[in-house]
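Note: the block below is upload-v3.txt and it holds compact mmCIF, C-alpha atoms.
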# COMPACT_ATOMS: atom_id res chain seq x y z
CA MET A 171 0.00 0.00 0.00
CA SER A 172 1.47 3.36 -1.04
CA LYS A 173 2.20 6.29 1.29
CA TYR A 174 -0.54 8.88 1.72
CA CYS A 175 0.19 12.19 -0.03
CA TYR A 176 -1.52 15.37 1.16
CA SER A 177 -3.43 17.54 -1.27
CA PRO A 178 -2.77 21.27 -0.75
CA LEU A 179 -5.38 23.16 1.24
CA SER A 180 -7.46 25.75 -0.60
CA PRO A 181 -5.84 29.21 -0.58
CA SER A 182 -7.84 30.52 2.36
CA THR A 183 -6.78 31.29 5.93
CA ASN A 184 -10.00 29.67 7.20
CA ASN A 185 -9.51 26.12 5.94
CA ILE A 186 -8.32 23.06 7.85
CA ARG A 187 -8.52 19.30 7.39
CA LEU A 188 -10.68 17.08 9.59
CA LEU A 189 -10.31 13.33 10.11
CA ARG A 190 -13.27 11.03 9.70
CA LEU A 191 -12.50 8.00 11.88
CA LEU A 192 -14.57 5.27 10.23
CA ARG A 193 -16.48 2.70 12.24
CA PRO A 194 -15.10 -0.83 11.81
CA ALA A 195 -16.93 -3.61 10.02
CA LYS A 196 -19.23 -5.69 12.20
CA GLU A 197 -16.97 -8.76 12.11
CA SER A 198 -13.84 -6.79 13.05
CA THR A 199 -11.89 -6.93 16.32
CA GLN A 200 -10.37 -4.18 18.47
CA ARG A 201 -7.06 -4.53 16.60
CA THR A 202 -8.58 -4.33 13.12
CA ARG A 203 -6.71 -1.80 10.98
CA ILE A 204 -7.89 1.78 11.45
CA GLN A 205 -9.63 3.21 8.38
CA CYS A 206 -9.99 6.98 7.94
CA GLU A 207 -10.80 9.76 5.53
CA LEU A 208 -9.49 13.32 5.41
CA PHE A 209 -11.61 16.19 4.15
CA GLU A 210 -11.24 19.95 3.95
CA TYR A 211 -13.33 22.14 6.23
CA SER A 212 -13.86 25.88 6.65
CA LEU A 213 -13.72 27.47 10.10
CA GLN A 214 -15.64 30.51 8.92
CA ASP A 215 -18.24 30.99 11.65
CA PRO A 216 -21.77 30.54 10.25
CA GLY A 217 -23.22 32.31 13.29
CA LYS A 218 -22.91 29.47 15.80
CA GLY A 219 -20.17 29.15 18.36
CA THR A 220 -19.24 25.49 17.97
CA HIS A 221 -18.71 23.06 15.11
CA LEU A 222 -19.53 19.36 15.15
CA TYR A 223 -16.04 17.98 15.52
CA GLU A 224 -13.83 17.00 18.46
CA ALA A 225 -10.19 18.03 18.92
CA LEU A 226 -7.57 15.73 20.42
CA SER A 227 -5.01 16.91 22.98
CA TYR A 228 -2.22 14.36 23.45
CA THR A 229 1.55 13.86 23.19
CA TRP A 230 3.24 12.30 20.22
CA GLY A 231 5.33 10.09 22.49
CA GLY A 232 8.52 10.43 20.45
CA GLU A 233 9.48 10.94 16.82
CA GLU A 234 9.32 7.26 15.80
CA LYS A 235 6.20 6.18 13.91
CA PRO A 236 5.97 2.38 14.16
CA CYS A 237 2.21 2.23 13.47
CA SER A 238 0.11 3.20 10.49
CA ILE A 239 -3.49 3.90 9.53
CA THR A 240 -5.25 3.78 6.19
CA ILE A 241 -6.48 7.01 4.63
CA GLU A 242 -8.38 6.48 1.38
CA LYS A 243 -6.44 3.26 0.56
CA HIS A 244 -3.06 4.77 1.41
CA ASN A 245 -0.75 4.38 4.43
CA LEU A 246 0.03 7.15 6.91
CA ASP A 247 2.59 6.39 9.61
CA ILE A 248 1.78 7.60 13.14
CA THR A 249 3.21 7.25 16.65
CA ALA A 250 2.25 4.37 18.94
CA ASN A 251 0.55 6.70 21.42
CA LEU A 252 -1.67 8.24 18.75
CA HIS A 253 -2.51 4.79 17.39
CA ALA A 254 -3.60 3.68 20.87
CA ALA A 255 -5.77 6.79 21.20
CA LEU A 256 -7.49 6.13 17.86
CA LEU A 257 -8.25 2.54 18.85
CA HIS A 258 -10.06 3.80 21.96
CA LEU A 259 -11.77 6.65 20.10
CA ARG A 260 -13.07 4.45 17.29
CA ASN A 261 -16.80 3.89 17.71
CA ARG A 262 -18.31 0.59 16.56
CA SER A 263 -21.59 2.23 15.52
CA LEU A 264 -20.75 5.72 14.25
CA ASP A 265 -18.05 7.51 12.32
CA ARG A 266 -16.25 10.14 14.40
CA ILE A 267 -15.02 13.56 13.19
CA ILE A 268 -11.80 14.65 14.95
CA TRP A 269 -9.04 17.24 14.48
CA ILE A 270 -5.58 15.78 15.23
CA ASP A 271 -2.47 17.83 14.51
CA ALA A 272 -0.21 14.95 13.39
CA ILE A 273 -2.76 13.82 10.80
CA CYS A 274 -4.67 16.96 9.81
CA ILE A 275 -1.53 19.04 9.19
CA ASP A 276 1.05 18.04 6.58
CA GLN A 277 3.97 17.99 9.01
CA ASP A 278 6.55 17.87 6.20
CA ASN A 279 5.28 21.14 4.76
CA THR A 280 6.78 23.87 6.96
CA THR A 281 4.76 26.62 5.30
CA GLU A 282 1.44 24.86 5.91
CA ARG A 283 2.55 23.92 9.41
CA ALA A 284 3.23 27.58 10.29
CA GLU A 285 -0.12 28.67 8.82
CA GLN A 286 -2.09 25.99 10.65
CA VAL A 287 -0.34 26.66 13.97
CA GLN A 288 -1.78 30.18 13.85
CA LEU A 289 -5.28 28.64 13.70
CA MET A 290 -4.90 26.22 16.60
CA ALA A 291 -6.52 28.43 19.24
CA ILE A 292 -9.62 28.82 17.12
CA ILE A 293 -9.58 25.14 16.07
CA TYR A 294 -9.80 24.06 19.72
CA SER A 295 -12.26 26.81 20.66
CA LYS A 296 -14.67 25.87 17.86
CA ALA A 297 -14.61 22.13 18.66
CA HIS A 298 -17.66 21.03 20.63
CA ARG A 299 -15.27 19.32 23.05
CA VAL A 300 -11.56 18.66 23.56
CA LEU A 301 -10.47 15.10 24.33
CA VAL A 302 -7.34 14.79 26.48
CA TRP A 303 -5.63 11.43 25.90
CA LEU A 304 -3.24 10.49 28.73
CA GLY A 305 -2.32 7.05 27.35
CA GLU A 306 -3.12 3.49 28.38
CA GLU A 307 -3.84 2.81 32.06
CA ASP A 308 -0.86 0.53 32.80
CA ASP A 309 0.52 1.77 36.17
CA THR A 310 -2.36 4.22 36.68
CA GLU A 311 -5.24 1.78 37.00
CA GLY A 312 -7.99 3.19 39.20
CA ALA A 313 -6.51 6.71 39.31
CA LEU A 314 -9.27 8.46 37.34
CA GLU A 315 -11.95 6.56 39.29
CA ASP A 316 -10.47 7.75 42.60
CA ILE A 317 -10.32 11.33 41.34
CA GLN A 318 -13.92 11.13 40.12
CA LEU A 319 -15.12 9.84 43.50
CA ALA A 320 -13.22 12.56 45.33
CA ALA A 321 -14.99 15.16 43.18
CA ASN A 322 -18.47 13.73 43.81
CA GLU A 323 -18.54 12.43 47.40
CA GLU A 324 -19.34 14.35 50.58
CA PRO A 325 -16.30 15.17 52.77
CA THR A 326 -17.34 12.77 55.53
CA GLU A 327 -17.66 9.92 53.04
CA ARG A 328 -14.46 10.38 51.12
CA SER A 329 -12.29 11.08 54.14
CA ASN A 330 -12.47 7.44 55.22
CA ARG A 331 -11.92 5.88 51.80
CA GLU A 332 -8.55 4.51 50.70
CA VAL A 333 -7.02 6.24 47.71
CA ASN A 334 -4.37 4.77 45.42
CA GLU A 335 -1.97 7.70 45.69
CA LYS A 336 0.74 5.84 43.75
CA ALA A 337 -1.54 5.38 40.73
CA ILE A 338 -2.60 9.05 40.82
CA SER A 339 1.03 10.14 41.19
CA ASN A 340 1.98 8.03 38.17
CA LEU A 341 -0.86 9.58 36.19
CA LEU A 342 0.21 13.14 37.02
CA GLN A 343 3.76 12.33 35.89
CA ARG A 344 2.54 11.45 32.40
CA GLN A 345 4.24 13.47 29.68
CA TRP A 346 1.04 15.33 28.74
CA PHE A 347 1.19 17.37 31.96
CA GLN A 348 4.64 18.73 31.02
CA ARG A 349 4.07 19.72 27.38
CA ILE A 350 3.62 23.35 26.37
CA TRP A 351 1.11 22.89 23.53
CA VAL A 352 -1.54 21.38 25.81
CA LEU A 353 -1.98 24.71 27.63
CA GLN A 354 -3.61 26.43 24.69
CA GLU A 355 -5.57 23.31 23.78
CA VAL A 356 -7.41 23.12 27.11
CA ALA A 357 -7.57 26.90 27.59
CA ALA A 358 -9.48 27.25 24.31
CA ALA A 359 -11.83 24.34 25.00
CA ARG A 360 -15.55 24.71 25.65
CA HIS A 361 -15.66 21.31 27.32
CA VAL A 362 -12.73 19.09 28.36
CA VAL A 363 -12.86 15.30 28.73
CA ILE A 364 -9.90 13.47 30.33
CA MET A 365 -9.23 9.96 28.97
CA CYS A 366 -6.87 7.26 30.22
CA GLY A 367 -7.32 3.86 28.61
CA SER A 368 -11.02 3.10 28.49
CA THR A 369 -11.82 5.42 31.42
CA GLU A 370 -12.89 9.04 30.93
CA ILE A 371 -14.11 11.83 33.21
CA ASP A 372 -15.13 15.45 32.84
CA GLY A 373 -12.24 17.94 32.98
CA TYR A 374 -13.84 20.05 35.69
CA ALA A 375 -14.43 16.94 37.83
CA PHE A 376 -10.78 15.96 37.31
CA CYS A 377 -9.52 19.29 38.68
CA SER A 378 -12.10 19.36 41.48
CA GLY A 379 -11.16 15.84 42.56
CA LEU A 380 -7.45 16.70 42.70
CA LYS A 381 -8.17 19.73 44.87
CA SER A 382 -10.34 17.64 47.22
CA LEU A 383 -7.62 15.00 47.59
CA GLN A 384 -5.08 17.70 48.36
CA LYS A 385 -7.31 19.26 51.05
CA LEU A 386 -7.71 15.86 52.71
CA GLN A 387 -3.93 15.36 52.57
CA LYS A 388 -4.36 12.24 50.46
CA LEU A 389 -2.28 13.80 47.73
CA SER A 390 0.86 15.76 48.54
CA TYR A 391 0.99 19.46 47.77
CA SER A 392 4.30 19.12 45.92
CA LYS A 393 2.66 16.85 43.31
CA LEU A 394 0.04 19.49 42.54
CA GLN A 395 2.04 22.69 42.87
CA SER A 396 3.43 22.56 39.33
CA LEU A 397 -0.01 21.68 37.92
CA SER A 398 -1.95 24.61 39.38
CA SER A 399 -1.65 26.82 36.29
CA LEU A 400 -2.76 23.96 34.04
CA THR A 401 -5.73 22.91 36.20
CA ASN A 402 -6.85 26.54 36.45
CA LEU A 403 -6.96 26.70 32.65
CA ILE A 404 -9.12 23.56 32.53
CA ILE A 405 -11.52 24.83 35.23
CA GLN A 406 -12.00 28.16 33.46
CA ALA A 407 -12.15 26.67 29.95
CA GLY A 408 -15.90 26.72 29.42
CA LEU A 409 -16.33 30.06 31.20
CA ARG A 410 -13.68 31.99 29.30
CA PRO A 411 -15.00 34.42 26.67
CA LYS A 412 -13.93 33.56 23.14
CA HIS A 413 -12.81 36.91 21.74
CA SER A 414 -14.10 37.67 18.30
CA THR A 415 -11.93 39.22 15.62
CA ASP A 416 -12.28 40.29 12.03
CA SER A 417 -9.52 37.86 11.10
CA ILE A 418 -9.46 34.20 12.11
CA GLU A 419 -5.70 34.38 11.59
CA THR A 420 -5.32 36.83 14.51
CA TYR A 421 -7.76 35.08 16.86
CA SER A 422 -6.59 34.94 20.48
CA LEU A 423 -7.94 33.91 23.88
CA GLU A 424 -6.29 37.05 25.35
CA ILE A 425 -5.50 35.44 28.71
CA SER A 426 -2.31 37.40 29.51
CA SER A 427 0.52 39.26 27.88
CA LEU A 428 3.01 37.11 26.01
CA ALA A 429 5.75 37.99 28.51
CA GLU A 430 3.58 36.81 31.43
CA LEU A 431 2.75 33.56 29.65
CA VAL A 432 6.42 32.87 28.92
CA ASP A 433 7.31 33.64 32.55
CA MET A 434 4.75 31.04 33.65
CA PHE A 435 5.43 28.30 31.12
CA HIS A 436 8.84 28.59 29.41
CA THR A 437 10.31 25.55 31.19
CA ARG A 438 7.62 23.24 29.78
CA GLN A 439 8.65 20.69 27.17
CA ALA A 440 8.52 21.16 23.41
CA THR A 441 10.06 18.98 20.71
CA ASP A 442 10.83 22.15 18.75
CA ALA A 443 12.19 24.96 20.98
CA ARG A 444 10.42 27.56 18.82
CA ASP A 445 7.10 26.23 20.09
CA LYS A 446 7.94 27.60 23.53
CA VAL A 447 6.90 30.93 22.00
CA TYR A 448 4.52 29.85 19.22
CA ALA A 449 2.41 27.63 21.51
CA LEU A 450 1.56 30.67 23.66
CA LEU A 451 0.64 33.17 20.92
CA GLY A 452 -2.99 32.02 20.81
CA MET A 453 -3.39 32.93 24.50
CA SER A 454 -1.58 36.26 24.30
CA SER A 455 -3.22 39.67 24.65
CA ASP A 456 -0.36 41.34 22.72
CA ASN A 457 -0.49 42.19 19.04
CA HIS A 458 2.50 40.01 18.28
CA HIS A 459 1.90 40.23 14.52
CA LYS A 460 3.08 43.85 14.54
CA VAL A 461 6.51 42.83 15.80
CA GLY A 462 6.83 39.78 13.54
CA LEU A 463 6.33 37.05 16.15
CA ARG A 464 3.95 34.99 14.03
CA PRO A 465 4.89 31.28 13.65
CA ASN A 466 7.68 30.78 11.15
CA TYR A 467 9.57 27.47 11.16
CA GLU A 468 12.07 28.76 8.60
CA ILE A 469 13.85 31.00 11.14
CA PRO A 470 16.30 29.42 13.63
CA TRP A 471 15.43 29.17 17.33
CA GLU A 472 18.41 31.39 18.22
CA ASN A 473 16.99 34.24 16.13
CA LEU A 474 13.53 33.84 17.66
CA LEU A 475 14.96 33.86 21.20
CA CYS A 476 16.85 37.11 20.57
CA GLN A 477 13.80 38.66 18.91
CA PHE A 478 11.55 37.74 21.83
CA VAL A 479 13.93 39.06 24.52
CA LYS A 480 14.19 42.39 22.72
CA PHE A 481 10.40 42.46 22.29
CA VAL A 482 9.92 42.08 26.07
CA LEU A 483 12.81 44.23 27.32
CA SER A 484 14.38 46.61 24.83
CA GLU A 485 15.99 46.73 21.40
CA ASN A 486 18.99 48.42 22.98
CA LEU A 487 20.63 45.41 24.59
CA SER A 488 22.82 42.47 23.67
CA VAL A 489 21.37 38.92 23.56
CA GLU A 490 23.35 35.76 22.87
CA PRO A 491 21.92 32.18 22.96
CA PHE A 492 24.08 29.90 25.10
CA GLY A 493 24.35 26.24 26.14
CA GLN A 494 24.18 22.89 24.37
CA SER A 495 20.49 23.26 23.51
CA ARG A 496 20.84 27.04 23.00
CA GLN A 497 17.96 27.58 25.44
CA LYS A 498 19.81 30.05 27.65
CA ALA A 499 19.86 33.73 26.79
CA VAL A 500 22.85 35.78 27.94
CA ILE A 501 21.64 39.38 28.21
CA LYS A 502 23.91 42.41 28.61
CA SER A 503 22.33 45.76 29.39
CA LYS A 504 22.28 48.74 31.68
CA GLY A 505 19.67 49.11 34.39
CA CYS A 506 19.07 49.93 38.00
CA ILE A 507 18.15 48.04 41.16
CA LEU A 508 14.73 49.03 42.52
CA GLY A 509 14.51 46.85 45.59
CA GLN A 510 14.71 43.41 47.14
CA VAL A 511 12.18 40.71 48.01
CA SER A 512 11.81 40.55 51.79
CA SER A 513 9.12 37.85 51.98
CA VAL A 514 7.13 35.46 49.76
CA ARG A 515 3.96 33.49 50.55
CA GLY A 516 1.16 31.78 48.64
CA ASP A 517 0.58 28.75 46.44
CA ASN A 518 -1.38 29.36 43.21
CA LYS A 519 -0.25 32.99 43.34
CA GLN A 520 2.88 34.57 44.80
CA ASN A 521 2.38 37.34 47.36
CA VAL A 522 5.64 39.24 47.48
CA THR A 523 6.77 42.01 49.83
CA ILE A 524 9.43 44.27 48.34
CA LYS A 525 11.74 46.63 50.22
CA CYS A 526 12.22 49.51 47.79
CA ARG A 527 15.58 51.07 47.17
CA ASN A 528 14.74 53.98 44.85
CA ALA A 529 11.36 55.01 46.28
CA PRO A 530 10.81 58.76 46.39
CA TRP A 531 9.77 58.37 50.02
CA GLY A 532 13.21 57.09 51.00
CA LEU A 533 15.12 53.86 51.49
CA GLY A 534 13.24 51.01 53.17
CA TRP A 535 9.73 51.73 51.92
CA GLU A 536 7.82 48.44 51.40
CA ILE A 537 5.14 47.55 48.84
CA GLY A 538 3.21 44.32 48.21
CA TRP A 539 2.80 42.54 44.88
CA THR A 540 0.54 39.63 43.97
CA LEU A 541 2.03 37.78 41.01
CA ARG A 542 0.96 34.76 39.00
CA ALA A 543 2.78 31.52 39.76
CA SER A 544 5.92 31.57 37.62
CA ALA A 545 7.98 28.71 36.21
CA LYS A 546 10.79 29.77 38.54
CA HIS A 547 9.56 30.43 42.07
CA ILE A 548 10.43 33.78 43.64
CA GLN A 549 12.56 33.58 46.79
CA GLU A 550 13.50 35.93 49.60
CA HIS A 551 16.45 38.18 48.73
CA ASP A 552 15.67 38.12 44.99
CA ILE A 553 16.30 41.51 43.41
CA ILE A 554 13.87 43.78 41.57
CA CYS A 555 15.55 45.62 38.69
CA LEU A 556 14.53 47.75 35.73
CA ILE A 557 16.40 47.20 32.48
CA SER A 558 16.97 50.35 30.42
CA GLY A 559 14.11 50.65 27.91
CA ALA A 560 11.89 48.02 29.55
CA SER A 561 8.29 48.84 30.43
CA LYS A 562 8.13 46.41 33.36
CA PRO A 563 10.60 45.44 36.12
CA SER A 564 12.37 42.08 36.17
CA ILE A 565 13.08 39.82 39.15
CA ILE A 566 16.61 38.41 39.20
CA ARG A 567 18.81 36.32 41.51
CA LEU A 568 22.47 36.88 42.28
CA CYS A 569 24.80 34.05 41.23
CA LYS A 570 28.58 33.88 41.32
CA ASP A 571 29.39 36.05 38.31
CA HIS A 572 25.96 36.96 36.92
CA PHE A 573 22.27 37.36 37.73
CA SER A 574 19.80 34.64 36.76
CA VAL A 575 16.39 35.76 35.52
CA VAL A 576 13.50 34.58 37.69
CA VAL A 577 10.71 36.70 36.14
CA ILE A 578 11.45 38.63 32.96
CA ALA A 579 8.46 41.01 33.16
CA ALA A 580 6.81 41.28 36.58
CA THR A 581 3.12 42.17 36.24
CA PRO A 582 1.37 42.55 39.63
CA LEU A 583 -2.27 41.43 39.63
CA ASN A 584 -3.06 43.95 42.38
CA GLY A 585 -1.67 46.94 40.51
CA GLY A 586 1.61 46.64 42.34
CA GLY A 587 1.04 49.24 45.02
CA ASN A 588 2.45 52.65 44.18
CA PHE A 589 4.45 52.71 40.94
CA GLY A 590 5.88 56.17 41.51
CA TRP A 591 9.26 54.66 42.28
CA LEU A 592 9.28 53.01 38.84
CA ASP A 593 8.74 56.34 37.11
CA THR A 594 11.52 57.86 39.18
CA SER A 595 13.89 55.03 38.29
CA ARG A 596 13.26 55.32 34.55
CA SER A 597 15.32 58.49 34.43
CA THR A 598 18.35 57.69 32.29
CA THR A 599 20.68 59.06 34.96
CA ASN A 600 19.69 56.17 37.22
CA PHE A 601 20.80 53.45 34.76
CA LEU A 602 24.31 53.30 36.12
CA ARG A 603 24.80 49.56 36.57
CA ASP A 604 25.90 47.06 33.93
CA PHE A 605 23.88 43.85 34.16
CA LEU A 606 24.92 40.40 32.99
CA LEU A 607 21.75 38.27 33.03
CA VAL A 608 21.27 34.60 32.17
CA TRP A 609 17.73 33.42 31.36
CA ASP A 610 17.44 29.62 31.36
CA TRP A 611 14.40 28.32 29.42
CA GLU A 612 14.86 24.71 30.54
CA GLN A 613 15.57 24.58 34.29
CA PRO A 614 12.90 25.84 36.77
Structure re-expressed in structure tokens:
Amino acid sequence: MSKYCYSPLSPSTNNIRLLRLLRPAKESTQRTRIQCELFEYSLQDPGKGTHLYEALSYTWGGEEKPCSITIEKHNLDITANLHAALLHLRNRSLDRIIWIDAICIDQDNTTERAEQVQLMAIIYSKAHRVLVWLGEEDDTEGALEDIQLAANEEPTERSNREVNEKAISNLLQRQWFQRIWVLQEVAAARHVVIMCGSTEIDGYAFCSGLKSLQKLQKLSYSKLQSLSSLTNLIIQAGLRPKHSTDSIETYSLEISSLAELVDMFHTRQATDARDKVYALLGMSSDNHHKVGLRPNYEIPWENLLCQFVKFVLSENLSVEPFGQSRQKAVIKSKGCILGQVSSVRGDNKQNVTIKCRNAPWGLGWEIGWTLRASAKHIQEHDIICLISGASKPSIIRLCKDHFSVVVIAATPLNGGGNFGWLDTSRSTTNFLRDFLLVWDWEQP
């Protein structure tokens, strides 16, 4: 059987491909070869919010493609994890319409890939539900059932019930929870369904059950701390307004600025380092198109990293990628120290007290900030600085011969107290210090 060859999409920014997962013949078994069709579909909104397809959120599980499916009498190679998902998704009575990136996008066509990536926020927001595939049960058997019960039972009932913490811990260590693309996929969703093997539960129930288990100390806080930003996106998914726009190409969920999103999620995993920026564009409130940050897989990661740092801070600084994976940015610039973190508390958010250095009211004045949970946790004695040309302060940490970046663009949720000291510090005469900063995009 010959290899499947993609036909080009129509020259329209609204068009995608959808997969029709065909029901098997009556005499077939679970392992019968998967038969599919691909067809072109327009996302142009006919006046209704949702379209009658599902969208899959999953991990590829590696670059190897040992399995294959049949599309219109031709072979298409896919990963083992995706093949397992399709076997569980295949319905014996009805065909199923699904959007799946690895199949619906011609991955060998970098131009199409870049164009389709720009549509992913709207693809997931228009789907009538998003299916999260966490893989086969294996060492997680019973985990989703325990989480479902914790979400539904009364406190007095569930407090006496045994919970398989090991199975739940194994589930939460699945690769899906660490990938950067899944953030946008669940944030855009109108309804999330979590699947593991043949078991599935509602996304809201999944998050509610985890919180209940944590409150009852049947699940350690450390296991959930890194997941709080992700579970918050799932909980708010159906409630979040889907911002309209004249252009589908510029559609965004407008959750936060791009700098904030990168501060929260830049240590998450991506097969292609460029996706650490591109995967967040659909959630950004910035007009990133104006500064040329639209997906483009023709430009090297090093160029994108330098472009992004200058977008967030200032054009008037030096940026050099560093390290084996080139995911460290060495930044040289002038700036000034504004203050120092004197205390930090909180879990889902970081409540920070700052002792100001350049406040107009004098040395030692304190203000309080409430910040979103960042990929790198803020610590006492971290330093607040303002890089020359930047619109927002950064939080950095003193190392032997440099400062490491903790938060590149601090954005207080509470307005940040009185910002008069920032205005005072922006005077060019105050930028007396040379800064050598290292921003690591891999290590939290």
Quiz item: Using only C-alpha atoms, which of A:Glu307, A:Asp610, A:Glu210, A:Glu242 sits nearest A:Pro491?
Solution: A:Asp610
Quiz item: Looking at A:Glu282, A:Glu536, A:Glu233, A:Asp442, which one is nearest to A:Gln497, with distances taken over all atoms listed in the file?
Solution: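 Smallest distance to A:Gln497 is found for A:Asp442.
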Exercise. Could you tell me how far atom CA of A:Ala255 lies from atom CA of A:Leu226, in Å and to one decimal?
Key: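 Going from atom CA of A:Ala255 over to atom CA of A:Leu226, I get 9.2 Å.
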Quiz item: Suppose you want the space between atom CA of A:Met365 and atom CA of A:Leu259; what is it in Å?
Solution: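 A separation of 9.8 Å between them.
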Exercise. Tell me, as an MDAnalysis selection string, which residues lie within 10 Å of A:Leu450, counting all atoms listed in the file; anything in the same chain fewer than 3 positions away does not count.
Key: chainID A and resid 291 350:351 353:354 422 425:429 431:432 435:436 445:447 453:454
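For the pair atom CA of A:Val500 and atom CA of A:Trp609, the interatomic distance is 6.6 Å.
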Quiz item: When distances are computed from only C-alpha atoms, which of A:Phe209, A:Trp535, A:Phe481, A:Tyr421 shows the smallest separation from A:Leu191?
Solution: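 Smallest separation from A:Leu191 among the options: A:Phe209.
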Practice problem: Name the closest residue to A:Leu188 among the candidates A:Ser212, A:Ser172, A:Ser263, A:Gln494; distances are taken between atoms, counting all atoms listed in the file. | Solution: A:Ser212
Self-check item: Of the listed residues A:Ile273, A:Met434, A:Ile404, A:Leu583, that which approaches A:Cys377 most closely, counting only C-alpha atoms
Solution: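 The answer is A:Ile404, which sits nearest to A:Cys377.
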Quiz item: List as a list in words: which residues have an atom within 9 Å of (12.5, 49.1, 29.7), counting only C-alpha atoms?
Solution: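 Protein, DNA and RNA residues close to (12.5, 49.1, 29.7): Val482, Leu483, Ser484, Gly505, Leu556, Ile557, Ser558, Gly559, Ala560, Ser561, Lys562, Pro563 and Arg596 of chain A.
Residues in contact with A:Arg360 at 8 Å, where all atoms listed in the file are counted and same-chain residues fewer than 5 positions away are skipped, are listed as Ser295, Lys296, Ala297, His298, Arg299, Val300, Ala407, Gly408 and Leu409 of chain A.
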Include C-alpha atoms and write out the residues we just selected as a PDB file, keeping the file's coordinate frame.
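Contents of the output file result03.pdb:
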ATOM      1  CA  SER A 295     -12.260  26.810  20.660  1.00  0.00           C
ATOM      2  CA  LYS A 296     -14.670  25.870  17.860  1.00  0.00           C
ATOM      3  CA  ALA A 297     -14.610  22.130  18.660  1.00  0.00           C
ATOM      4  CA  HIS A 298     -17.660  21.030  20.630  1.00  0.00           C
ATOM      5  CA  ARG A 299     -15.270  19.320  23.050  1.00  0.00           C
ATOM      6  CA  VAL A 300     -11.560  18.660  23.560  1.00  0.00           C
ATOM      7  CA  ALA A 407     -12.150  26.670  29.950  1.00  0.00           C
ATOM      8  CA  GLY A 408     -15.900  26.720  29.420  1.00  0.00           C
ATOM      9  CA  LEU A 409     -16.330  30.060  31.200  1.00  0.00           C
TER      10      LEU A 409
END
Self-check item: Spatial neighbours of A:Leu568, 9 Å, all atoms listed in the file, chain gap at least 3 places, as a PyMOL selection string
Solution: chain A and resi 551-553+571-574
Exercise. Write out as a PyMOL selection string the residues lying within 10 Å of A:His253, counting all atoms listed in the file and excluding same-chain residues fewer than 2 positions away.
Key: chain A and resi 204+230+235-239+247-251+255-259
